[in-house]
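Coordinates as given in final-v6.pdb (PDB, C-alpha atoms):
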```
ATOM      1  CA  MET A   1      82.016  18.891   0.604
ATOM      2  CA  ALA A   2      78.343  18.672  -0.102
ATOM      3  CA  LYS A   3      76.970  22.163   0.079
ATOM      4  CA  GLU A   4      73.776  23.892  -0.903
ATOM      5  CA  LEU A   5      74.075  27.456  -2.190
ATOM      6  CA  THR A   6      71.101  29.503  -1.070
ATOM      7  CA  LYS A   7      69.838  33.043  -1.327
ATOM      8  CA  THR A   8      69.184  35.266   1.659
ATOM      9  CA  GLU A   9      65.477  35.609   0.911
ATOM     10  CA  ALA A  10      63.126  34.250   3.589
ATOM     11  CA  GLU A  11      59.852  32.958   2.175
ATOM     12  CA  LYS A  12      57.370  32.298   4.967
ATOM     13  CA  SER A  13      56.005  29.311   3.089
ATOM     14  CA  GLN A  14      59.379  27.550   3.191
ATOM     15  CA  PRO A  15      61.211  26.412   6.338
ATOM     16  CA  ALA A  16      64.719  27.767   6.885
ATOM     17  CA  VAL A  17      66.156  24.256   7.031
ATOM     18  CA  SER A  18      64.559  20.865   6.757
ATOM     19  CA  ILE A  19      64.027  19.259  10.150
ATOM     20  CA  GLU A  20      65.804  15.976   9.622
ATOM     21  CA  GLN A  21      65.512  13.139  12.097
ATOM     22  CA  ALA A  22      68.478  11.127  10.830
ATOM     23  CA  GLU A  23      70.884  10.201  13.611
ATOM     24  CA  ASP A  24      73.939  10.916  11.470
ATOM     25  CA  ALA A  25      73.332  14.669  11.203
ATOM     26  CA  ALA A  26      74.015  17.525  13.603
ATOM     27  CA  ARG A  27      72.059  20.754  13.190
ATOM     28  CA  VAL A  28      73.890  23.914  14.254
ATOM     29  CA  LEU A  29      72.797  27.570  14.243
ATOM     30  CA  ILE A  30      75.400  30.362  14.356
ATOM     31  CA  LEU A  31      74.313  33.880  15.329
ATOM     32  CA  GLY A  32      76.339  37.092  15.482
ATOM     33  CA  GLY A  33      77.662  39.019  18.471
ATOM     34  CA  LEU A  34      75.665  41.060  20.961
ATOM     35  CA  GLU A  35      76.487  44.449  22.413
ATOM     36  CA  ALA A  36      75.166  46.018  25.616
ATOM     37  CA  GLY A  37      71.457  46.751  26.007
ATOM     38  CA  ALA A  38      70.162  43.798  24.014
ATOM     39  CA  GLY A  39      66.590  44.063  25.277
ATOM     40  CA  VAL A  40      64.259  41.100  25.658
ATOM     41  CA  PHE A  41      64.474  38.050  23.400
ATOM     42  CA  ALA A  42      61.382  37.142  21.396
ATOM     43  CA  ALA A  43      61.112  35.173  18.143
ATOM     44  CA  SER A  44      58.363  34.636  15.613
ATOM     45  CA  GLU A  45      56.657  31.248  15.539
ATOM     46  CA  ALA A  46      58.299  30.240  12.252
ATOM     47  CA  LEU A  47      61.817  31.192  13.345
ATOM     48  CA  GLY A  48      61.273  29.884  16.856
ATOM     49  CA  GLU A  49      60.429  26.432  15.500
ATOM     50  CA  GLN A  50      63.587  26.387  13.432
ATOM     51  CA  MET A  51      65.708  27.509  16.354
ATOM     52  CA  GLN A  52      64.225  24.791  18.559
ATOM     53  CA  ALA A  53      65.090  22.200  15.902
ATOM     54  CA  GLN A  54      68.816  22.952  16.190
ATOM     55  CA  ASP A  55      71.025  20.647  18.240
ATOM     56  CA  LEU A  56      73.488  23.448  19.006
ATOM     57  CA  ARG A  57      73.039  27.204  19.005
ATOM     58  CA  ILE A  58      76.168  29.370  18.970
ATOM     59  CA  GLY A  59      76.463  33.097  19.685
ATOM     60  CA  ALA A  60      78.964  35.716  20.812
ATOM     61  CA  LEU A  61      79.281  38.500  23.350
ATOM     62  CA  HIS A  62      81.059  41.692  22.322
ATOM     63  CA  GLN A  63      80.534  43.313  25.728
ATOM     64  CA  SER A  64      80.276  41.918  29.231
ATOM     65  CA  ASP A  65      76.647  42.880  29.654
ATOM     66  CA  ALA A  66      73.963  41.111  31.673
ATOM     67  CA  SER A  67      71.129  41.966  29.264
ATOM     68  CA  ALA A  68      73.056  40.502  26.325
ATOM     69  CA  ALA A  69      73.801  37.356  28.350
ATOM     70  CA  VAL A  70      70.106  36.964  29.218
ATOM     71  CA  TRP A  71      69.135  37.481  25.563
ATOM     72  CA  LEU A  72      71.452  34.684  24.464
ATOM     73  CA  MET A  73      70.261  32.337  27.195
ATOM     74  CA  GLU A  74      66.616  32.927  26.292
ATOM     75  CA  ALA A  75      67.505  32.277  22.635
ATOM     76  CA  GLY A  76      68.851  28.882  23.711
ATOM     77  CA  VAL A  77      72.502  29.650  22.967
ATOM     78  CA  THR A  78      74.651  27.087  24.776
ATOM     79  CA  LEU A  79      78.059  27.922  23.278
ATOM     80  CA  VAL A  80      79.221  31.535  23.389
ATOM     81  CA  SER A  81      82.371  33.194  22.060
ATOM     82  CA  MET A  82      83.914  35.742  24.415
ATOM     83  CA  ALA A  83      87.112  36.426  22.463
ATOM     84  CA  SER A  84      85.914  39.791  21.175
ATOM     85  CA  MET A  85      84.573  41.213  24.452
ATOM     86  CA  ARG A  86      85.921  44.692  25.092
ATOM     87  CA  ASN A  87      85.906  44.690  28.877
ATOM     88  CA  GLU A  88      87.430  42.712  31.695
ATOM     89  CA  SER A  89      85.168  39.696  32.268
ATOM     90  CA  LYS A  90      86.795  36.368  31.394
ATOM     91  CA  ASP A  91      84.250  34.066  33.024
ATOM     92  CA  ALA A  92      80.732  33.442  31.702
ATOM     93  CA  SER A  93      79.418  32.949  35.237
ATOM     94  CA  ALA A  94      80.484  36.500  36.096
ATOM     95  CA  ILE A  95      77.856  37.896  33.713
ATOM     96  CA  GLY A  96      75.071  35.497  34.563
ATOM     97  CA  PHE A  97      75.424  32.705  32.013
ATOM     98  CA  ILE A  98      73.782  29.498  33.209
ATOM     99  CA  GLY A  99      74.108  26.218  31.347
ATOM    100  CA  ALA A 100      76.331  27.690  28.607
ATOM    101  CA  THR A 101      79.928  26.995  27.645
ATOM    102  CA  ALA A 102      82.201  29.988  27.007
ATOM    103  CA  ILE A 103      85.266  29.906  24.778
ATOM    104  CA  GLY A 104      87.801  32.498  23.666
ATOM    105  CA  ALA A 105      88.595  33.991  27.074
ATOM    106  CA  GLY A 106      90.459  32.908  30.197
ATOM    107  CA  ASP A 107      93.058  33.783  32.787
ATOM    108  CA  THR A 108      95.810  32.120  30.749
ATOM    109  CA  GLU A 109      96.476  31.746  27.032
ATOM    110  CA  ALA A 110      95.865  27.999  27.292
ATOM    111  CA  MET A 111      92.434  28.599  28.832
ATOM    112  CA  ALA A 112      91.532  31.336  26.334
ATOM    113  CA  ASN A 113      92.503  29.147  23.369
ATOM    114  CA  ARG A 114      90.910  25.904  24.503
ATOM    115  CA  PRO A 115      88.344  24.548  22.017
ATOM    116  CA  ASP A 116      84.897  23.170  22.665
ATOM    117  CA  ILE A 117      84.583  19.604  21.401
ATOM    118  CA  ARG A 118      81.294  17.729  21.448
ATOM    119  CA  SER A 119      79.578  14.816  19.746
ATOM    120  CA  ILE A 120      76.063  15.357  18.384
ATOM    121  CA  ASN A 121      74.305  12.328  16.901
ATOM    122  CA  GLY A 122      77.696  10.762  16.306
ATOM    123  CA  ILE A 123      79.129  13.842  14.578
ATOM    124  CA  ARG A 124      82.247  15.211  16.253
ATOM    125  CA  ILE A 125      82.366  19.026  16.209
ATOM    126  CA  GLY A 126      85.197  21.269  17.371
ATOM    127  CA  VAL A 127      84.703  25.009  17.844
ATOM    128  CA  VAL A 128      87.435  27.593  18.452
ATOM    129  CA  SER A 129      87.171  31.333  18.935
ATOM    130  CA  PHE A 130      89.638  34.133  18.150
ATOM    131  CA  ALA A 131      89.441  37.908  17.795
ATOM    132  CA  GLU A 132      91.656  40.799  16.839
ATOM    133  CA  GLN A 133      93.359  41.944  20.033
ATOM    134  CA  THR A 134      95.197  45.089  20.997
ATOM    135  CA  ALA A 135      98.898  44.631  20.339
ATOM    136  CA  GLY A 136     100.915  43.902  23.435
ATOM    137  CA  ALA A 137     100.814  41.413  26.282
ATOM    138  CA  PHE A 138      98.121  38.757  26.705
ATOM    139  CA  SER A 139      94.878  40.381  27.890
ATOM    140  CA  GLY A 140      92.680  37.378  28.618
ATOM    141  CA  ARG A 141      91.401  36.833  25.070
ATOM    142  CA  ALA A 142      92.306  34.432  22.271
ATOM    143  CA  ASP A 143      94.333  36.365  19.693
ATOM    144  CA  LEU A 144      93.428  35.961  16.029
ATOM    145  CA  LEU A 145      97.025  36.742  15.053
ATOM    146  CA  SER A 146      98.499  34.044  17.284
ATOM    147  CA  LEU A 147     101.128  31.987  15.493
ATOM    148  CA  HIS A 148      99.311  28.840  16.630
ATOM    149  CA  ALA A 149      95.752  29.754  15.578
ATOM    150  CA  ILE A 150      95.903  27.869  12.272
ATOM    151  CA  ASP A 151      97.612  24.895  13.930
ATOM    152  CA  ARG A 152      94.737  24.573  16.404
ATOM    153  CA  VAL A 153      92.373  23.939  13.498
ATOM    154  CA  ARG A 154      94.671  21.264  12.085
ATOM    155  CA  MET A 155      94.939  19.545  15.471
ATOM    156  CA  LEU A 156      91.163  19.518  15.935
ATOM    157  CA  LEU A 157      90.686  17.833  12.573
ATOM    158  CA  CYS A 158      92.466  14.772  13.951
ATOM    159  CA  GLU A 159      89.505  14.101  16.238
ATOM    160  CA  CYS A 160      86.576  15.990  14.667
ATOM    161  CA  ASP A 161      84.397  15.698  11.581
ATOM    162  CA  HIS A 162      84.009  19.483  11.488
ATOM    163  CA  VAL A 163      85.820  22.521  12.858
ATOM    164  CA  ILE A 164      83.986  25.827  13.227
ATOM    165  CA  VAL A 165      86.093  28.965  13.731
ATOM    166  CA  LEU A 166      84.443  31.992  15.336
ATOM    167  CA  VAL A 167      86.342  35.214  14.671
ATOM    168  CA  ASN A 168      86.013  38.965  14.952
ATOM    169  CA  SER A 169      88.223  41.558  13.288
ATOM    170  CA  GLY A 170      88.158  44.692  11.183
ATOM    171  CA  LEU A 171      86.952  48.257  11.534
ATOM    172  CA  PRO A 172      83.390  48.740  12.824
ATOM    173  CA  ASN A 173      82.421  51.063   9.946
ATOM    174  CA  ALA A 174      83.947  48.925   7.158
ATOM    175  CA  GLU A 175      81.493  47.358   4.721
ATOM    176  CA  LEU A 176      83.996  44.779   3.446
ATOM    177  CA  PRO A 177      86.681  42.642   5.103
ATOM    178  CA  LEU A 178      90.182  44.019   4.693
ATOM    179  CA  PRO A 179      92.119  41.884   2.163
ATOM    180  CA  GLU A 180      94.559  40.779   4.863
ATOM    181  CA  TRP A 181      91.755  39.485   7.105
ATOM    182  CA  ARG A 182      90.038  37.815   4.183
ATOM    183  CA  ALA A 183      93.269  36.003   3.354
ATOM    184  CA  LEU A 184      93.621  34.852   6.977
ATOM    185  CA  TYR A 185      90.040  33.531   7.112
ATOM    186  CA  ARG A 186      90.750  31.569   3.933
ATOM    187  CA  ARG A 187      93.840  30.093   5.575
ATOM    188  CA  PHE A 188      91.604  28.616   8.279
ATOM    189  CA  LEU A 189      89.586  26.971   5.502
ATOM    190  CA  ASP A 190      92.784  25.788   3.820
ATOM    191  CA  ALA A 191      93.705  24.153   7.142
ATOM    192  CA  GLY A 192      90.447  22.183   7.085
ATOM    193  CA  ALA A 193      87.805  24.289   8.853
ATOM    194  CA  SER A 194      84.277  23.811   7.553
ATOM    195  CA  VAL A 195      83.058  27.293   8.529
ATOM    196  CA  VAL A 196      84.727  30.544   9.551
ATOM    197  CA  ALA A 197      82.183  33.026  10.913
ATOM    198  CA  ASP A 198      82.925  36.622  11.887
ATOM    199  CA  THR A 199      80.473  37.750  14.570
ATOM    200  CA  GLY A 200      80.868  41.453  13.730
ATOM    201  CA  ALA A 201      78.812  43.742  11.481
ATOM    202  CA  ALA A 202      76.819  41.961   8.774
ATOM    203  CA  LYS A 203      78.688  41.418   5.519
ATOM    204  CA  GLY A 204      78.644  38.834   2.747
ATOM    205  CA  TRP A 205      80.156  35.369   2.551
ATOM    206  CA  GLU A 206      81.903  33.097   0.086
ATOM    207  CA  ALA A 207      82.828  29.467  -0.500
ATOM    208  CA  HIS A 208      86.529  28.612  -0.475
ATOM    209  CA  LYS A 209      88.092  25.184  -0.865
ATOM    210  CA  ASN A 210      85.786  22.867   1.100
ATOM    211  CA  GLY A 211      84.385  25.480   3.445
ATOM    212  CA  LEU A 212      82.613  28.790   3.906
ATOM    213  CA  ALA A 213      83.826  32.164   5.153
ATOM    214  CA  PHE A 214      81.187  34.495   6.586
ATOM    215  CA  TYR A 215      82.704  37.965   6.909
ATOM    216  CA  GLY A 216      80.107  39.304   9.347
ATOM    217  CA  LEU A 217      76.823  38.058  10.797
ATOM    218  CA  GLY A 218      75.650  41.176  12.598
ATOM    219  CA  SER A 219      73.841  41.297  15.937
ATOM    220  CA  PRO A 220      70.540  39.370  16.085
ATOM    221  CA  ALA A 221      69.360  41.792  18.766
ATOM    222  CA  GLU A 222      69.618  44.695  16.292
ATOM    223  CA  ALA A 223      67.696  45.473  13.116
ATOM    224  CA  ASP A 224      69.409  43.271  10.500
ATOM    225  CA  SER A 225      71.646  40.225  10.775
ATOM    226  CA  LEU A 226      72.378  36.802   9.323
ATOM    227  CA  GLY A 227      71.779  33.384  10.824
ATOM    228  CA  VAL A 228      73.736  30.385   9.528
ATOM    229  CA  PHE A 229      71.872  27.067   9.682
ATOM    230  CA  LEU A 230      74.225  24.104   9.249
ATOM    231  CA  THR A 231      73.468  20.419   8.792
ATOM    232  CA  LEU A 232      76.741  18.654   9.533
ATOM    233  CA  ARG A 233      77.512  15.050   8.589
ATOM    234  CA  ARG A 234      80.494  12.763   8.902
ATOM    235  CA  ASN A 235      83.776  13.210   7.051
ATOM    236  CA  GLY A 236      83.437  16.955   6.593
ATOM    237  CA  LYS A 237      80.240  16.906   4.538
ATOM    238  CA  PHE A 238      77.586  19.500   5.244
ATOM    239  CA  THR A 239      74.827  21.659   3.816
ATOM    240  CA  TYR A 240      73.980  25.165   4.898
ATOM    241  CA  GLU A 241      71.489  27.958   4.581
ATOM    242  CA  ALA A 242      72.247  31.592   5.384
ATOM    243  CA  ARG A 243      69.070  33.433   6.342
ATOM    244  CA  ALA A 244      68.587  37.179   6.602
ATOM    245  CA  LEU A 245      67.003  38.039   9.954
ATOM    246  CA  GLN A 246      65.339  41.191  11.198
ATOM    247  CA  ASN A 247      64.505  42.338  14.706
ATOM    248  CA  ALA A 248      61.837  44.927  15.371
ATOM    249  CA  GLY A 249      61.117  43.725  18.885
ATOM    250  CA  VAL A 250      60.603  40.168  17.602
ATOM    251  CA  LEU A 251      63.346  38.241  15.800
ATOM    252  CA  ASP A 252      62.001  36.937  12.477
ATOM    253  CA  PHE A 253      63.011  36.042   8.950
ATOM    254  CA  SER A 254      63.801  39.261   7.121
ATOM    255  CA  LYS A 255      61.499  41.150   4.798
ATOM    256  CA  ASN A 256      64.068  43.923   4.345
ATOM    257  CA  ASP A 257      64.806  43.890   0.615
ATOM    258  CA  ALA A 258      67.483  46.574   0.972
ATOM    259  CA  PHE A 259      69.472  44.506   3.475
ATOM    260  CA  ARG A 260      69.253  41.362   1.354
ATOM    261  CA  ALA A 261      70.312  43.338  -1.722
ATOM    262  CA  LYS A 262      73.318  44.709   0.165
ATOM    263  CA  ILE A 263      74.433  41.214   1.189
ATOM    264  CA  ASP A 264      73.924  39.887  -2.344
ATOM    265  CA  ALA A 265      76.019  42.751  -3.748
ATOM    266  CA  GLN A 266      78.831  41.974  -1.305
ATOM    267  CA  ASN A 267      78.693  38.286  -2.239
ATOM    268  CA  LYS A 268      79.075  39.137  -5.915
ATOM    269  CA  LEU A 269      82.219  41.125  -5.164
ATOM    270  CA  PHE A 270      83.848  38.021  -3.680
ATOM    271  CA  TRP A 271      83.293  36.184  -6.960
ATOM    272  CA  ASN A 272      85.346  38.823  -8.796
ATOM    273  CA  GLU A 273      88.794  39.329  -7.255
ATOM    274  CA  LYS A 274      89.554  42.455  -9.268
ATOM    275  CA  ALA A 275      86.243  44.090  -8.325
ATOM    276  CA  TYR A 276      86.678  43.150  -4.669
ATOM    277  CA  LEU A 277      90.189  44.622  -4.454
ATOM    278  CA  ALA A 278      89.046  47.815  -6.159
ATOM    279  CA  ALA A 279      86.157  48.148  -3.699
ATOM    280  CA  ALA A 280      88.435  47.384  -0.726
ATOM    281  CA  ASN A 281      90.946  50.009  -1.909
ATOM    282  CA  ASP A 282      88.185  52.597  -2.275
ATOM    283  CA  MET A 283      86.930  51.729   1.211
ATOM    284  CA  CYS A 284      90.389  52.127   2.758
ATOM    285  CA  THR A 285      90.969  55.438   0.960
ATOM    286  CA  ARG A 286      87.620  56.770   2.185
ATOM    287  CA  LEU A 287      88.051  55.579   5.776
ATOM    288  CA  TYR A 288      91.577  56.977   5.921
ATOM    289  CA  ALA A 289      90.372  60.348   4.657
ATOM    290  CA  GLN A 290      87.808  60.402   7.463
ATOM    291  CA  CYS A 291      90.392  59.806  10.191
ATOM    292  CA  GLU A 292      93.476  61.380   8.554
ATOM    293  CA  PRO A 293      93.337  64.619  10.579
ATOM    294  CA  THR A 294      93.250  62.634  13.828
ATOM    295  CA  LEU A 295      96.131  60.398  12.747
ATOM    296  CA  LYS A 296      98.278  63.358  11.716
ATOM    297  CA  ARG A 297      97.628  65.071  15.032
ATOM    298  CA  GLY A 298      98.781  61.864  16.696
ATOM    299  CA  VAL A 299     102.070  61.919  14.770
ATOM    300  CA  ARG A 300     102.687  65.534  15.693
ATOM    301  CA  GLY A 301     101.995  64.585  19.279
ATOM    302  CA  LEU A 302     105.276  62.665  19.348
ATOM    303  CA  PHE A 303     107.062  66.000  19.390
ATOM    304  CA  SER A 304     104.775  67.734  21.864
ATOM    305  CA  PRO A 305     103.932  67.206  25.510
ATOM    306  CA  GLN A 306     100.254  66.596  24.732
ATOM    307  CA  ALA A 307      99.396  63.149  26.068
ATOM    308  CA  GLU A 308      96.144  63.062  24.096
ATOM    309  CA  GLU A 309      97.993  63.231  20.785
ATOM    310  CA  GLU A 310     100.354  60.470  21.825
ATOM    311  CA  MET A 311      97.413  58.261  22.739
ATOM    312  CA  ARG A 312      96.010  58.709  19.226
ATOM    313  CA  LEU A 313      99.241  57.489  17.704
ATOM    314  CA  LEU A 314      99.416  54.604  20.182
ATOM    315  CA  ALA A 315      95.898  53.569  19.165
ATOM    316  CA  LEU A 316      97.052  53.392  15.532
ATOM    317  CA  LEU A 317     100.032  51.236  16.422
ATOM    318  CA  GLU A 318      98.008  48.902  18.642
ATOM    319  CA  ASN A 319      95.055  48.414  16.300
ATOM    320  CA  GLU A 320      95.998  46.047  13.478
ATOM    321  CA  SER A 321      92.942  46.846  11.330
ATOM    322  CA  LEU A 322      93.530  50.581  11.612
ATOM    323  CA  ARG A 323      97.190  50.082  10.734
ATOM    324  CA  LEU A 324      96.370  47.884   7.719
ATOM    325  CA  MET A 325      93.758  50.339   6.455
ATOM    326  CA  SER A 326      96.094  53.329   6.857
ATOM    327  CA  ALA A 327      99.043  51.574   5.193
ATOM    328  CA  ARG A 328      96.898  50.532   2.211
ATOM    329  CA  ALA A 329      95.452  54.021   1.816
ATOM    330  CA  LEU A 330      98.893  55.643   1.955
ATOM    331  CA  ARG A 331     100.298  53.222  -0.633
ATOM    332  CA  LEU A 332      97.388  54.011  -2.947
ATOM    333  CA  LYS A 333      97.913  57.728  -2.406
ATOM    334  CA  ARG A 334     101.602  57.489  -3.321
ATOM    335  CA  GLU A 335     100.825  55.412  -6.409
ATOM    336  CA  ALA A 336      98.275  57.986  -7.533
ATOM    337  CA  GLU A 337     100.767  60.813  -7.040
ATOM    338  CA  ARG A 338     103.435  58.999  -9.058
ATOM    339  CA  ALA A 339     100.924  58.315 -11.832
TER
END
```
What does the file become when written as structure tokens?
Amino acid sequence: MAKELTKTEAEKSQPAVSIEQAEDAARVLILGGLEAGAGVFAASEALGEQMQAQDLRIGALHQSDASAAVWLMEAGVTLVSMASMRNESKDASAIGFIGATAIGAGDTEAMANRPDIRSINGIRIGVVSFAEQTAGAFSGRADLLSLHAIDRVRMLLCECDHVIVLVNSGLPNAELPLPEWRALYRRFLDAGASVVADTGAAKGWEAHKNGLAFYGLGSPAEADSLGVFLTLRRNGKFTYEARALQNAGVLDFSKNDAFRAKIDAQNKLFWNEKAYLAAANDMCTRLYAQCEPTLKRGVRGLFSPQAEEEMRLLALLENESLRLMSARALRLKREAERA
């Protein structure tokens, strides 16, 4: 893979990506997921030019919200992931999308898991979308833990130069990916994906094998996020640039040094496995301590008639990220007690 490692700084004197006219390149922009109440889309002149230069703009909806749909349409997003939406809509037309393709949701598992395949300047691109789902029966969304998720990437490689995997998992207040989710994202890259991009809260990214794993892009309609500019070529070759973005009413390249420093610090952790695991363990211990009283009340609720307590326990059992975090924290607690 030909790749270009870049910093998150955004110098106004330099374009985000070179505007190439070669027919054998496809330019793709990936943005994060939007929540309800996205406001009105507006972009600076510099960023707007770069967005217009992209052949494909990809985004995600985390809620079935008309304002978020309008924001994405005005930003020129024509491929939207709906796998991580938290309400009932399964059809893009139901929330006002016009001229956009939706993936990751549908009335059947086959429809929810269907990929988007397109050819741009002779480059074949396949995009799939998955998200962490509540344990239980199929609920209209593509499940990240499906036994066939990795196989879908392998099958797409038979007919595509590049496969992009859009995902969403983890706890909303976690600053790092859980080790189990990180390992799964790397498995997508092992299977041949060029890029795995989590559309949740902004976090760092890393290179693995011949691809890239972005562990969170953040919402471009909120204060700080990341935009991934890809230049895709044949046979799996590509270059990329990850740009820090900020939105204070107008979406622009970021001047927030604190946000860029946070992303850089997260990136450095991924270069050091021991440091990353230590930080992830500390995060799980802290998050468990914050919710431990609620979890314990839920366990006691098994032996009481209080439906509210039982629902707390059920939420723990149904939420894979919460279960993984709690199990890791409890193992660490037992190890500390034995030591």
Original post:
Do you know which residues the PyMOL selection byres ((chain A and resi 276-290) around 12) returns on this file, as number ranges by chain?
Top reply: A: 170-182, 204, 265-275, 291-296, 316, 321-334, 336
Original post:
Nearest to Leu232 (chain A): which of A:Gly192, A:Gly122, A:Pro220, A:Gly140 is it, counting all atoms listed in the file?
Top reply: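 Selected residue with least distance to Leu232 (chain A): A:Gly122.
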Near region 55-67 of chain A, 10 Å: region 195-251 of chain A residue rows, closest pairs, all atoms listed in the file, as CSV:
```
residue,atom,partner,partner_atom,distance
A:Asp198,CA,A:Ala60,CA,9.8
A:Thr199,CA,A:Ala60,CA,6.7
A:Gly200,CA,A:His62,CA,8.6
A:Ser219,CA,A:Ala60,CA,9.0
A:Pro220,CA,A:Gly59,CA,9.3
A:Val228,CA,A:Ile58,CA,9.8
A:Phe229,CA,A:Arg57,CA,9.4
A:Leu230,CA,A:Leu56,CA,9.8
A:Thr231,CA,A:Asp55,CA,9.8
```
**OP:** Mind giving me the straight-line distance from CA of Phe130 (chain A) to CA of Ala221 (chain A) in Å, one decimal?
**Re:** 21.7 Å
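Restricting the calculation to all atoms listed in the file, the smallest distance between Leu226 (chain A) and any of A:Thr239, A:Ser84, A:Asn247, A:Asn210 is found for A:Asn247.
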Subject >> Pick from A:Arg186, A:Arg114, A:His162, A:Arg152, whichever lies nearest to Glu206 (chain A) using all atoms listed in the file >> reply: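 Closest candidate: A:Arg186.
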**OP:** Go through the shown structure with the PyMOL selection byres ((chain A and resi 129) around 8) and write out the matching residues as number ranges by chain.
**Re:** A: 81-83, 103-104, 113, 115, 127-128, 130-131, 142, 165-167
Generate the output file for the selected residues, C-alpha atoms, as a PDB file, in the frame of the given file.
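Contents of selection27.pdb, as written:
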```pdb
ATOM      1  CA  SER A  81      82.371  33.194  22.060  1.00  0.00           C
ATOM      2  CA  MET A  82      83.914  35.742  24.415  1.00  0.00           C
ATOM      3  CA  ALA A  83      87.112  36.426  22.463  1.00  0.00           C
ATOM      4  CA  ILE A 103      85.266  29.906  24.778  1.00  0.00           C
ATOM      5  CA  GLY A 104      87.801  32.498  23.666  1.00  0.00           C
ATOM      6  CA  ASN A 113      92.503  29.147  23.369  1.00  0.00           C
ATOM      7  CA  PRO A 115      88.344  24.548  22.017  1.00  0.00           C
ATOM      8  CA  VAL A 127      84.703  25.009  17.844  1.00  0.00           C
ATOM      9  CA  VAL A 128      87.435  27.593  18.452  1.00  0.00           C
ATOM     10  CA  PHE A 130      89.638  34.133  18.150  1.00  0.00           C
ATOM     11  CA  ALA A 131      89.441  37.908  17.795  1.00  0.00           C
ATOM     12  CA  ALA A 142      92.306  34.432  22.271  1.00  0.00           C
ATOM     13  CA  VAL A 165      86.093  28.965  13.731  1.00  0.00           C
ATOM     14  CA  LEU A 166      84.443  31.992  15.336  1.00  0.00           C
ATOM     15  CA  VAL A 167      86.342  35.214  14.671  1.00  0.00           C
TER      16      VAL A 167
END
```
Original post:
Separation of CA of Gln246 (chain A) and CA of Glu49 (chain A), in Å?
Top reply: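 If I compute the distance from CA of Gln246 (chain A) to CA of Glu49 (chain A), I get 16.1 Å.
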Which residues would end up in the selection if the PyMOL selection byres ((chain A and resi 38) around 9) were applied here, given that I need the answer as a PDB file with C-alpha atoms, in the frame of the given file?
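For reference, part30.pdb as written:
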```pdb
ATOM      1  CA  LEU A  34      75.665  41.060  20.961  1.00  0.00           C
ATOM      2  CA  GLU A  35      76.487  44.449  22.413  1.00  0.00           C
ATOM      3  CA  ALA A  36      75.166  46.018  25.616  1.00  0.00           C
ATOM      4  CA  GLY A  37      71.457  46.751  26.007  1.00  0.00           C
ATOM      5  CA  GLY A  39      66.590  44.063  25.277  1.00  0.00           C
ATOM      6  CA  VAL A  40      64.259  41.100  25.658  1.00  0.00           C
ATOM      7  CA  PHE A  41      64.474  38.050  23.400  1.00  0.00           C
ATOM      8  CA  ASP A  65      76.647  42.880  29.654  1.00  0.00           C
ATOM      9  CA  ALA A  66      73.963  41.111  31.673  1.00  0.00           C
ATOM     10  CA  SER A  67      71.129  41.966  29.264  1.00  0.00           C
ATOM     11  CA  ALA A  68      73.056  40.502  26.325  1.00  0.00           C
ATOM     12  CA  ALA A  69      73.801  37.356  28.350  1.00  0.00           C
ATOM     13  CA  VAL A  70      70.106  36.964  29.218  1.00  0.00           C
ATOM     14  CA  TRP A  71      69.135  37.481  25.563  1.00  0.00           C
ATOM     15  CA  ALA A 221      69.360  41.792  18.766  1.00  0.00           C
ATOM     16  CA  GLU A 222      69.618  44.695  16.292  1.00  0.00           C
TER      17      GLU A 222
END
```
Subject >> Pick from A:Ala213, A:Leu144, A:Ala110, A:Val77 nearest to Asp190 (chain A), counting all atoms listed in the file >> reply: A:Ala213
Original post:
What is the distance, in Å and to one decimal place, between CA of His208 (chain A) and CA of Ala191 (chain A)?
Top reply: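 Interatomic distance here is 11.4 Å.
The shortest atom-to-atom distance to Trp205 (chain A), with all atoms listed in the file taken into account, belongs to A:Asp264 out of A:Asp264, A:Val250, A:Ala244, A:Asp161.
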Subject >> Near-Ile150 (chain A) list (9 Å; all atoms listed in the file; drop same-chain fewer than 5 positions) as a VMD selection string >> reply: chain A and resid 155 187 to 188 191
Original post:
Taking into account all atoms listed in the file, which residue in the set A:Val80, A:Leu189, A:Ala223, A:Ala197 is nearest to Ser254 (chain A)?
Top reply: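 Ranking A:Val80, A:Leu189, A:Ala223, A:Ala197 by distance to Ser254 (chain A), first place goes to A:Ala223.
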**OP:** Considering all atoms listed in the file, return as a PyMOL selection string whatever protein or nucleic-acid residues lie within 9 Å of Ala202 (chain A), sequence-local ones (same chain, fewer than 5 positions apart) excluded.
**Re:** chain A and resi 32+175+214-219+224-226+263
Expected file contents, prior selection, C-alpha atoms, as a PDB file, in the frame of the given file:
```pdb
ATOM      1  CA  GLY A  32      76.339  37.092  15.482  1.00  0.00           C
ATOM      2  CA  GLU A 175      81.493  47.358   4.721  1.00  0.00           C
ATOM      3  CA  PHE A 214      81.187  34.495   6.586  1.00  0.00           C
ATOM      4  CA  TYR A 215      82.704  37.965   6.909  1.00  0.00           C
ATOM      5  CA  GLY A 216      80.107  39.304   9.347  1.00  0.00           C
ATOM      6  CA  LEU A 217      76.823  38.058  10.797  1.00  0.00           C
ATOM      7  CA  GLY A 218      75.650  41.176  12.598  1.00  0.00           C
ATOM      8  CA  SER A 219      73.841  41.297  15.937  1.00  0.00           C
ATOM      9  CA  ASP A 224      69.409  43.271  10.500  1.00  0.00           C
ATOM     10  CA  SER A 225      71.646  40.225  10.775  1.00  0.00           C
ATOM     11  CA  LEU A 226      72.378  36.802   9.323  1.00  0.00           C
ATOM     12  CA  ILE A 263      74.433  41.214   1.189  1.00  0.00           C
TER      13      ILE A 263
END
```
Subject >> Shell around Glu159 (chain A) at 10 Å using only C-alpha atoms, local window under 3 positions removed, as a list of chain:residue names >> reply: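 Listing them by chain and then by number gives A:Ile117, A:Arg124, A:Ile125, A:Gly126, A:Arg154, A:Met155, A:Leu156, A:His162, A:Val163.
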